[in-house]
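Shown next: entry_31.csv, containing CSV, C-alpha atoms and all ligand atoms.
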chain,number,residue,atom,x,y,z
A,1,MET,CA,66.2,-90.5,106.4
A,2,PRO,CA,68.9,-91.9,108.8
A,3,SER,CA,72.3,-91.3,107.4
A,4,THR,CA,73.2,-93.8,104.7
A,5,LEU,CA,76.6,-93.8,106.2
A,6,THR,CA,76.0,-94.8,109.8
A,7,GLU,CA,73.8,-97.9,109.5
A,8,THR,CA,75.4,-100.8,111.3
A,9,LYS,CA,75.0,-104.5,111.0
A,10,ALA,CA,73.5,-104.4,114.5
A,11,ASP,CA,70.6,-102.4,113.1
A,12,MET,CA,69.9,-105.1,110.5
A,13,THR,CA,70.6,-108.3,112.3
A,14,GLY,CA,70.9,-107.5,116.0
A,15,THR,CA,74.0,-109.7,116.1
A,16,ASP,CA,76.9,-107.7,114.9
A,17,THR,CA,78.2,-104.2,115.3
A,18,HIS,CA,80.7,-103.6,112.4
A,19,SER,CA,79.7,-100.8,110.1
A,20,THR,CA,78.5,-101.7,106.6
A,21,ASP,CA,81.3,-100.2,104.6
A,22,LEU,CA,80.0,-101.4,101.3
A,23,LEU,CA,76.6,-99.9,101.8
A,24,HIS,CA,78.2,-96.7,103.0
A,25,THR,CA,80.5,-96.4,100.0
A,26,ALA,CA,77.9,-97.6,97.4
A,27,ALA,CA,75.3,-95.1,98.6
A,28,LYS,CA,77.8,-92.3,98.6
A,29,GLN,CA,78.8,-93.0,95.0
A,30,TRP,CA,75.4,-93.9,93.6
A,31,ALA,CA,74.0,-90.9,91.7
A,32,TYR,CA,70.9,-92.3,90.0
A,33,ARG,CA,67.4,-91.8,91.5
A,34,TYR,CA,65.8,-94.1,88.9
A,35,ILE,CA,66.4,-97.5,87.3
A,36,VAL,CA,64.2,-97.9,84.2
A,37,ASP,CA,66.4,-100.3,82.3
A,38,LEU,CA,69.7,-102.1,82.4
A,39,GLU,CA,70.7,-101.1,78.9
A,40,SER,CA,71.9,-97.7,80.2
A,41,LEU,CA,73.7,-99.0,83.3
A,42,SER,CA,77.4,-99.9,83.1
A,43,ALA,CA,78.9,-103.2,84.2
A,44,GLU,CA,80.3,-101.6,87.3
A,45,GLN,CA,76.9,-100.1,88.2
A,46,ILE,CA,75.3,-103.5,87.8
A,47,ARG,CA,78.0,-105.0,90.0
A,48,THR,CA,77.4,-102.4,92.6
A,49,LEU,CA,73.7,-103.2,92.7
A,50,LEU,CA,74.5,-107.0,93.0
A,51,ARG,CA,77.1,-106.4,95.7
A,52,VAL,CA,74.7,-104.2,97.8
A,53,ALA,CA,72.1,-107.0,97.3
A,54,ASP,CA,74.6,-109.4,98.8
A,55,ASP,CA,74.8,-107.2,101.9
A,56,PHE,CA,71.1,-107.3,102.2
A,57,ARG,CA,70.7,-111.1,101.9
A,58,ASP,CA,70.5,-111.6,105.6
A,59,ALA,CA,68.0,-108.9,106.2
A,60,SER,CA,66.0,-110.0,103.1
A,61,THR,CA,65.5,-113.6,104.1
A,62,ARG,CA,65.0,-113.5,107.9
A,63,SER,CA,61.6,-112.2,108.8
A,64,GLY,CA,62.8,-110.8,112.1
A,65,ALA,CA,65.8,-109.0,110.6
A,66,LYS,CA,65.0,-105.5,109.6
A,67,SER,CA,67.1,-102.6,108.4
A,68,SER,CA,66.3,-99.0,109.5
A,69,LEU,CA,67.8,-97.5,106.3
A,70,LEU,CA,64.5,-96.2,104.9
A,71,ARG,CA,62.7,-95.4,108.2
A,72,GLY,CA,60.5,-92.4,107.7
A,73,ARG,CA,60.4,-92.9,103.9
A,74,VAL,CA,57.4,-93.9,101.8
A,75,VAL,CA,57.4,-96.3,98.8
A,76,ALA,CA,54.4,-96.3,96.4
A,77,ASN,CA,53.7,-99.5,94.4
A,78,LEU,CA,51.8,-98.6,91.2
A,79,PHE,CA,50.9,-101.8,89.5
A,80,PHE,CA,48.8,-101.4,86.3
A,81,GLU,CA,49.4,-105.0,85.3
A,82,ASP,CA,49.0,-108.2,87.4
A,83,SER,CA,51.9,-109.5,89.4
A,84,THR,CA,52.6,-112.0,92.2
A,85,ARG,CA,56.4,-112.0,92.6
A,86,THR,CA,57.5,-108.5,91.7
A,87,ARG,CA,54.8,-106.6,93.6
A,88,SER,CA,55.0,-108.7,96.8
A,89,SER,CA,58.8,-108.6,96.8
A,90,PHE,CA,59.0,-104.9,96.3
A,91,GLU,CA,56.5,-104.4,99.2
A,92,LEU,CA,58.5,-106.8,101.4
A,93,ALA,CA,61.8,-105.2,100.4
A,94,ALA,CA,60.5,-101.7,101.4
A,95,GLN,CA,59.1,-103.1,104.7
A,96,ARG,CA,62.4,-104.7,105.5
A,97,LEU,CA,64.1,-101.3,105.0
A,98,SER,CA,61.5,-99.9,107.5
A,99,ALA,CA,59.8,-97.7,104.8
A,100,ASP,CA,56.0,-97.2,104.8
A,101,VAL,CA,54.3,-98.7,101.7
A,102,ILE,CA,51.2,-97.7,99.7
A,103,ASN,CA,49.8,-99.9,97.0
A,104,LEU,CA,47.7,-98.8,93.9
A,105,THR,CA,46.4,-100.8,91.0
A,106,GLY,CA,44.8,-99.6,87.8
A,107,LYS,CA,41.4,-101.0,88.7
A,108,GLY,CA,41.0,-99.3,92.1
A,109,SER,CA,42.7,-96.0,91.1
A,110,SER,CA,41.5,-92.9,89.1
A,111,VAL,CA,43.4,-94.2,86.1
A,112,SER,CA,40.2,-96.1,85.4
A,113,LYS,CA,38.5,-92.7,85.1
A,114,GLY,CA,40.9,-91.5,82.5
A,115,GLU,CA,43.7,-89.9,84.6
A,116,THR,CA,47.1,-90.3,82.9
A,117,ILE,CA,49.9,-92.2,84.6
A,118,VAL,CA,52.0,-89.1,84.7
A,119,ASP,CA,49.2,-87.2,86.6
A,120,THR,CA,48.8,-90.2,88.9
A,121,ALA,CA,52.6,-90.3,89.6
A,122,ARG,CA,52.8,-86.5,90.2
A,123,ASN,CA,49.8,-86.7,92.6
A,124,ILE,CA,51.3,-89.6,94.5
A,125,GLU,CA,54.6,-87.7,94.7
A,126,ALA,CA,52.8,-84.6,96.0
A,127,MET,CA,51.8,-86.7,99.1
A,128,GLY,CA,55.5,-86.9,100.1
A,129,VAL,CA,56.3,-90.3,98.5
A,130,ASP,CA,60.1,-90.9,98.1
A,131,ALA,CA,60.0,-93.8,95.6
A,132,ILE,CA,57.5,-95.0,93.0
A,133,VAL,CA,57.7,-98.6,91.8
A,134,VAL,CA,55.7,-98.9,88.6
A,135,ARG,CA,54.5,-101.8,86.4
A,136,HIS,CA,52.6,-100.8,83.2
A,137,GLY,CA,51.7,-102.5,79.9
A,138,ALA,CA,53.2,-99.7,77.8
A,139,SER,CA,56.9,-99.8,76.9
A,140,GLY,CA,58.6,-96.5,78.0
A,141,SER,CA,56.0,-95.7,80.7
A,142,ALA,CA,58.6,-96.1,83.5
A,143,ARG,CA,61.0,-93.6,81.9
A,144,LEU,CA,58.1,-91.2,81.2
A,145,ILE,CA,57.2,-91.2,84.9
A,146,ALA,CA,60.8,-91.0,86.0
A,147,GLU,CA,61.3,-87.9,83.9
A,148,SER,CA,58.0,-86.3,85.2
A,149,VAL,CA,58.8,-86.6,89.0
A,150,ARG,CA,61.7,-85.9,91.3
A,151,CYS,CA,61.4,-88.9,93.6
A,152,ALA,CA,63.1,-92.3,93.0
A,153,VAL,CA,61.5,-94.5,90.3
A,154,LEU,CA,61.9,-98.2,89.9
A,155,ASN,CA,60.6,-100.0,86.7
A,156,ALA,CA,58.8,-103.2,87.7
A,157,GLY,CA,58.2,-104.1,84.1
A,158,ASP,CA,57.1,-101.8,81.2
A,159,GLY,CA,55.4,-103.6,78.3
A,160,SER,CA,57.9,-105.7,76.3
A,161,HIS,CA,60.8,-103.2,77.0
A,162,GLU,CA,62.6,-104.1,80.2
A,163,HIS,CA,62.2,-105.6,83.7
A,164,PRO,CA,65.5,-104.4,85.2
A,165,THR,CA,65.1,-105.9,88.8
A,166,GLN,CA,64.2,-109.2,87.2
A,167,GLY,CA,67.4,-109.0,85.1
A,168,LEU,CA,69.4,-108.2,88.2
A,169,LEU,CA,67.8,-111.0,90.4
A,170,ASP,CA,68.4,-113.5,87.6
A,171,THR,CA,72.0,-112.5,87.3
A,172,HIS,CA,72.4,-112.5,91.1
A,173,THR,CA,71.0,-116.0,91.3
A,174,LEU,CA,73.0,-117.3,88.3
A,175,ALA,CA,76.3,-115.9,89.5
A,176,ARG,CA,75.9,-117.3,93.0
A,177,ALA,CA,74.8,-120.7,91.8
A,178,LEU,CA,77.7,-120.9,89.4
A,179,ASP,CA,80.2,-119.7,92.0
A,180,ARG,CA,81.0,-116.3,90.4
A,181,LEU,CA,80.8,-114.2,93.5
A,182,ASP,CA,82.8,-111.5,91.9
A,183,TYR,CA,80.1,-111.1,89.3
A,184,ASP,CA,82.5,-111.7,86.4
A,185,LEU,CA,80.6,-114.0,84.1
A,186,ALA,CA,83.3,-114.4,81.4
A,187,GLY,CA,83.4,-118.0,80.1
A,188,LEU,CA,79.8,-118.8,80.9
A,189,THR,CA,77.1,-119.5,78.3
A,190,VAL,CA,73.5,-118.7,79.1
A,191,GLY,CA,70.5,-119.8,76.9
A,192,ILE,CA,67.3,-117.8,76.9
A,193,VAL,CA,64.6,-119.9,75.4
A,194,GLY,CA,61.2,-119.0,74.0
A,195,ASP,CA,59.4,-115.8,73.6
A,196,ASN,CA,62.4,-113.5,73.4
A,197,LEU,CA,60.6,-111.1,71.1
A,198,ASN,CA,57.9,-110.0,73.6
A,199,SER,CA,60.0,-110.5,76.7
A,200,ARG,CA,61.1,-107.6,78.9
A,201,VAL,CA,62.8,-110.3,81.1
A,202,ALA,CA,64.9,-111.4,78.1
A,203,ARG,CA,66.0,-107.9,77.3
A,204,SER,CA,67.1,-107.1,80.8
A,205,ASN,CA,68.8,-110.4,81.1
A,206,ILE,CA,70.7,-109.9,77.9
A,207,HIS,CA,71.9,-106.5,78.9
A,208,ALA,CA,73.1,-107.6,82.4
A,209,LEU,CA,74.6,-110.9,81.3
A,210,THR,CA,76.5,-109.6,78.3
A,211,LYS,CA,77.8,-106.5,80.2
A,212,LEU,CA,79.2,-108.9,82.9
A,213,GLY,CA,81.0,-111.0,80.2
A,214,ALA,CA,78.7,-114.0,79.6
A,215,LYS,CA,77.8,-115.3,76.2
A,216,VAL,CA,74.1,-115.3,75.6
A,217,ILE,CA,72.2,-117.5,73.1
A,218,CYS,CA,68.6,-116.6,72.4
A,219,ILE,CA,66.8,-119.8,71.4
A,220,GLY,CA,63.4,-120.3,69.8
A,221,PRO,CA,61.4,-120.3,66.6
A,222,PRO,CA,62.4,-117.5,64.1
A,223,THR,CA,59.0,-115.8,64.9
A,224,LEU,CA,60.1,-115.3,68.5
A,225,VAL,CA,63.8,-115.0,68.0
A,226,PRO,CA,64.2,-112.6,65.0
A,227,SER,CA,67.5,-111.8,63.4
A,228,GLY,CA,67.4,-108.2,64.7
A,229,PHE,CA,68.2,-109.6,68.1
A,230,ARG,CA,71.9,-110.0,67.0
A,231,ALA,CA,72.3,-106.3,67.5
A,232,LEU,CA,72.0,-106.9,71.2
A,233,GLY,CA,75.3,-108.8,71.1
A,234,VAL,CA,73.8,-112.3,71.4
A,235,GLU,CA,74.0,-115.5,69.3
A,236,LEU,CA,70.7,-116.8,67.9
A,237,SER,CA,69.6,-120.5,67.6
A,238,HIS,CA,66.5,-122.1,66.4
A,239,ASP,CA,67.6,-125.6,67.5
A,240,LEU,CA,67.5,-126.1,71.3
A,241,ASP,CA,68.9,-129.6,71.1
A,242,ALA,CA,72.0,-128.5,69.2
A,243,VAL,CA,73.0,-125.8,71.8
A,244,LEU,CA,71.8,-127.5,75.0
A,245,PRO,CA,75.2,-129.2,75.8
A,246,ARG,CA,77.0,-125.8,75.6
A,247,LEU,CA,74.9,-124.1,78.3
A,248,ASP,CA,75.9,-123.4,81.9
A,249,ALA,CA,72.4,-121.9,82.6
A,250,ILE,CA,69.1,-122.0,80.7
A,251,ASN,CA,66.4,-119.4,81.3
A,252,MET,CA,63.0,-120.7,80.1
A,253,LEU,CA,60.5,-117.9,79.1
A,254,ARG,CA,56.7,-118.1,79.3
A,255,ILE,CA,55.0,-117.6,75.9
A,256,GLN,CA,53.2,-114.3,76.3
A,257,PHE,CA,50.1,-114.9,74.3
A,258,GLU,CA,48.6,-111.7,75.8
A,259,ARG,CA,51.2,-109.6,73.9
A,260,MET,CA,50.7,-111.3,70.6
A,261,SER,CA,48.3,-110.4,67.8
A,262,GLU,CA,48.7,-113.8,66.0
A,263,ALA,CA,50.0,-117.2,66.9
A,264,PRO,CA,53.8,-117.4,66.4
A,265,PHE,CA,53.7,-121.2,65.9
A,266,PRO,CA,51.1,-123.8,64.7
A,267,SER,CA,50.3,-125.2,68.1
A,268,VAL,CA,51.4,-125.2,71.8
A,269,ARG,CA,52.0,-128.9,71.5
A,270,GLU,CA,54.5,-128.4,68.6
A,271,TYR,CA,56.2,-125.6,70.5
A,272,THR,CA,56.7,-127.8,73.5
A,273,HIS,CA,58.0,-130.6,71.3
A,274,PHE,CA,60.8,-128.4,69.8
A,275,PHE,CA,61.5,-125.9,72.6
A,276,GLY,CA,60.1,-127.3,75.9
A,277,LEU,CA,62.6,-128.3,78.5
A,278,SER,CA,61.6,-131.9,79.2
A,279,GLU,CA,63.3,-134.3,81.7
A,280,GLU,CA,65.0,-136.0,78.7
A,281,ARG,CA,66.4,-132.7,77.4
A,282,ALA,CA,67.5,-131.5,80.9
A,283,ALA,CA,69.5,-134.7,81.3
A,284,LYS,CA,71.6,-133.7,78.3
A,285,MET,CA,72.8,-130.5,80.0
A,286,LYS,CA,76.3,-130.1,81.4
A,287,PRO,CA,76.8,-131.4,85.0
A,288,GLY,CA,76.1,-128.5,87.2
A,289,ALA,CA,74.2,-126.5,84.7
A,290,ILE,CA,71.2,-124.7,86.2
A,291,VAL,CA,67.6,-124.2,85.1
A,292,MET,CA,65.9,-120.8,85.6
A,293,HIS,CA,62.4,-119.3,85.0
A,294,PRO,CA,61.2,-115.8,85.9
A,295,GLY,CA,57.7,-117.1,86.6
A,296,PRO,CA,54.8,-117.5,86.2
A,297,ILE,CA,55.5,-121.0,84.8
A,298,ASN,CA,53.2,-122.7,82.4
A,299,ARG,CA,54.0,-126.2,83.6
A,300,GLY,CA,54.1,-128.7,80.8
A,301,VAL,CA,54.4,-126.0,78.1
A,302,GLU,CA,57.9,-124.4,78.3
A,303,LEU,CA,59.0,-126.5,81.3
A,304,ALA,CA,58.2,-130.0,82.6
A,305,ALA,CA,57.0,-130.0,86.2
A,306,ALA,CA,59.8,-132.5,87.1
A,307,VAL,CA,62.5,-130.1,85.8
A,308,ALA,CA,60.9,-127.1,87.5
A,309,ASP,CA,61.0,-128.9,90.8
A,310,GLY,CA,64.2,-130.9,90.1
A,311,ASP,CA,67.9,-130.6,91.3
A,312,ARG,CA,69.0,-128.2,88.5
A,313,SER,CA,66.2,-125.7,89.2
A,314,VAL,CA,67.1,-122.5,91.0
A,315,ILE,CA,63.6,-121.0,90.4
A,316,LEU,CA,62.7,-120.4,94.0
A,317,LYS,CA,66.3,-119.0,94.7
A,318,GLN,CA,65.5,-116.4,92.0
A,319,VAL,CA,62.5,-115.3,94.0
A,320,THR,CA,64.6,-115.1,97.2
A,321,SER,CA,67.3,-113.1,95.4
A,322,GLY,CA,64.5,-110.7,94.2
A,323,LEU,CA,64.0,-109.4,97.8
A,324,ALA,CA,67.7,-108.6,98.3
A,325,VAL,CA,68.0,-107.0,94.8
A,326,ARG,CA,64.9,-104.9,95.3
A,327,MET,CA,66.2,-103.7,98.8
A,328,ALA,CA,69.4,-102.7,97.1
A,329,ALA,CA,67.7,-100.8,94.3
A,330,LEU,CA,65.3,-99.0,96.6
A,331,TYR,CA,68.1,-98.1,99.1
A,332,LEU,CA,70.5,-96.8,96.4
A,333,CYS,CA,67.9,-94.8,94.4
A,334,VAL,CA,66.3,-93.3,97.6
A,335,SER,CA,69.8,-92.4,98.8
A,336,ALA,CA,70.4,-90.6,95.6
A,337,ILE,CA,67.5,-88.2,96.1
A,338,THR,CA,68.8,-87.1,99.6
A,339,LYS,CA,72.2,-85.8,98.2
A,401,LIG,N1,58.7,-112.5,87.1
A,401,LIG,C1,57.6,-111.7,87.3
A,401,LIG,O1,57.7,-110.5,86.9
A,401,LIG,O2,56.6,-112.2,88.0
A,401,LIG,P1,55.3,-111.4,88.3
A,401,LIG,O3,54.5,-111.1,87.1
A,401,LIG,O4,54.5,-112.4,89.2
A,401,LIG,O5,55.7,-110.2,89.1
Give the structure from the file, written as structure tokens.
Amino acid sequence: MPSTLTETKADMTGTDTHSTDLLHTAAKQWAYRYIVDLESLSAEQIRTLLRVADDFRDASTRSGAKSSLLRGRVVANLFFEDSTRTRSSFELAAQRLSADVINLTGKGSSVSKGETIVDTARNIEAMGVDAIVVRHGASGSARLIAESVRCAVLNAGDGSHEHPTQGLLDTHTLARALDRLDYDLAGLTVGIVGDNLNSRVARSNIHALTKLGAKVICIGPPTLVPSGFRALGVELSHDLDAVLPRLDAINMLRIQFERMSEAPFPSVREYTHFFGLSEERAAKMKPGAIVMHPGPINRGVELAAAVADGDRSVILKQVTSGLAVRMAALYLCVSAITK
């Protein structure tokens, strides 16, 4: 691996020659080869990831701009659940750091013949892979893999547990949209609406946002926002209209029917009536308040199409932030295994 300490802006943009002091310092100090959750990261570690992502914004968004930081390194994407955004942005992030990438899915791999995910991960690592990115339907699978290998491991979503890079990219987008470039979110109130119970996105958002000082309100029917969530340091509400005017940002979750054994409300129509973000509801938000969604969107269920595509929406900015955040996570964790 090229020294994490000598990369220059010229290597990334071709236009500048000053050394990237922040990358240098962050990589030197970062000691963690895996990120499986945000619950176990401190506020300062989360801020480091977000600041390093800021440094990668240019290289992440311009197709011609590439960093050489992970040249000669190999990143394996192991996706045992479907994905559009996370899988392609991890792949692009690795490519923009000049790493080689291999992709495996459950269907085309020997997992379909009964091989365990730990054996799969160990075999992949034995080929000289430096980082494993894993998405799996079982909560805890990313940590199991991380503790079974020596390479870097990034959780790309494990069951209903956590989706740490989604929590980071949501926080990155929110902070930039609301002009909190120091990543101090004190005084901001963020609503997370819908299927909090089954949502790994909600959990990672809650940990990141509360650690950085924001107030979080989990909103939805009691079946999807149970009282136990208070233990995460959040406020609960079952009345979207009552809390809407207090919010600086609203994150609308998809109802994850695939993770439910029984319907949590009588009908989708009723859910949309009480908890969908319609144009009429969005108009009652504070001036400047933003609308977020991790994707994929069920248009017309949790979010009206006009709101998803409207002025308040930062949904595509979230996707763009994802690249920079994943470059930061890959860079720091792979740097940690070279020490
Ligand atoms: N937000 C998210 O995880 O999307 P994908 O399932 O498309 O990766």
Could you state the separation of CA of Leu330 (chain A) and CA of Ala308 (chain A) in Å, given to one decimal place?
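For CA of Leu330 (chain A) relative to CA of Ala308 (chain A), the distance reads 29.9 Å.
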Show me a table, sorted first by chain and then by increasing residue number, of the residues of chain A having an atom at most 9 Å from ligand LIG 401 (chain A), each with its shortest atom pair and the distance in Å to one decimal, counting all atoms listed in the file and written as a Markdown table.
| residue | atom | partner | partner_atom | distance |
| --- | --- | --- | --- | --- |
| A:Glu81 | CA | A:LIG401 | O3 | 8.2 |
| A:Asp82 | CA | A:LIG401 | O3 | 6.2 |
| A:Ser83 | CA | A:LIG401 | O3 | 3.8 |
| A:Thr84 | CA | A:LIG401 | O4 | 3.6 |
| A:Arg85 | CA | A:LIG401 | O4 | 3.9 |
| A:Thr86 | CA | A:LIG401 | O5 | 3.6 |
| A:Arg87 | CA | A:LIG401 | O5 | 5.8 |
| A:Ser88 | CA | A:LIG401 | O5 | 7.9 |
| A:Ser89 | CA | A:LIG401 | O5 | 8.5 |
| A:Arg135 | CA | A:LIG401 | O5 | 8.9 |
| A:Ala156 | CA | A:LIG401 | O1 | 7.4 |
| A:Gly157 | CA | A:LIG401 | O1 | 7.0 |
| A:His163 | CA | A:LIG401 | O1 | 7.4 |
| A:Thr165 | CA | A:LIG401 | O1 | 8.9 |
| A:Gln166 | CA | A:LIG401 | N1 | 6.4 |
| A:Val201 | CA | A:LIG401 | N1 | 7.6 |
| A:His293 | CA | A:LIG401 | N1 | 8.0 |
| A:Pro294 | CA | A:LIG401 | N1 | 4.3 |
| A:Gly295 | CA | A:LIG401 | N1 | 4.7 |
| A:Pro296 | CA | A:LIG401 | O2 | 5.9 |
| A:Val319 | CA | A:LIG401 | N1 | 8.4 |
Shortest contact to His238 (chain A), candidates A:Val75, A:Ala93, A:Val193, A:Ile132, atoms counted all atoms listed in the file, goes to A:Val193
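Between CA of Arg246 (chain A) and CA of Val190 (chain A) the interatomic distance comes to 8.7 Å.
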List every residue of region 132-230 of chain A that has an atom at most 12 Å from any atom of region 255-272 of chain A, and for each one report the closest atom pair and its distance in Å to one decimal, counting all atoms listed in the file, with rows sorted by chain and then by increasing residue number, as a tab-separated table.
residue	atom	partner	partner_atom	distance
A:Gly137	CA	A:Arg259	CA	9.3
A:Ala138	CA	A:Arg259	CA	10.8
A:Ser139	CA	A:Arg259	CA	11.7
A:Gly159	CA	A:Arg259	CA	8.5
A:Ser160	CA	A:Arg259	CA	8.1
A:His161	CA	A:Arg259	CA	11.9
A:Val193	CA	A:Ile255	CA	9.9
A:Gly194	CA	A:Ile255	CA	6.6
A:Asp195	CA	A:Ile255	CA	5.3
A:Asn196	CA	A:Ile255	CA	8.8
A:Leu197	CA	A:Gln256	CA	9.6
A:Asn198	CA	A:Arg259	CA	6.7
A:Ser199	CA	A:Gln256	CA	7.8
A:Arg200	CA	A:Gln256	CA	10.7
A:Val201	CA	A:Gln256	CA	11.5
A:Ala202	CA	A:Ile255	CA	11.9
A:Gly220	CA	A:Tyr271	CA	9.0
A:Pro221	CA	A:Phe265	CA	7.8
A:Pro222	CA	A:Pro264	CA	8.9
A:Thr223	CA	A:Pro264	CA	5.6
A:Leu224	CA	A:Pro264	CA	7.0
A:Val225	CA	A:Pro264	CA	10.4
A:Pro226	CA	A:Pro264	CA	11.5
Between CA of Met252 (chain A) and CA of Asp182 (chain A), what distance in Å does the model show, to one decimal?
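Pair CA of Met252 (chain A) / CA of Asp182 (chain A) returns 24.8 Å.
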Polymer residues at most 7 Å from region 60-64 of chain A, only C-alpha atoms, same-chain spacing of 2 or more positions, as a count of residues only:
8
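Distances to Leu69 (chain A) were evaluated for A:Ile206, A:Ile337, A:Ala328, A:Ile46 using all atoms listed in the file, and the minimum falls at A:Ala328.
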With a distance cut-off of 12 Å and only C-alpha atoms, select the neighbouring residues of Ser98 (chain A), excluding the residue or stretch itself and same-chain residues fewer than 5 positions from it, and output the selection as an MDAnalysis selection string.
chainID A and resid 1:2 11:12 59:60 64:75 91:93 327 330:331
With only C-alpha atoms as the atoms that count, which of A:Gly108, A:Pro164, A:Gly128, A:Gly233 lies nearest to Ala142 (chain A)?
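With only C-alpha atoms as the atom set, the closest residue is A:Pro164.
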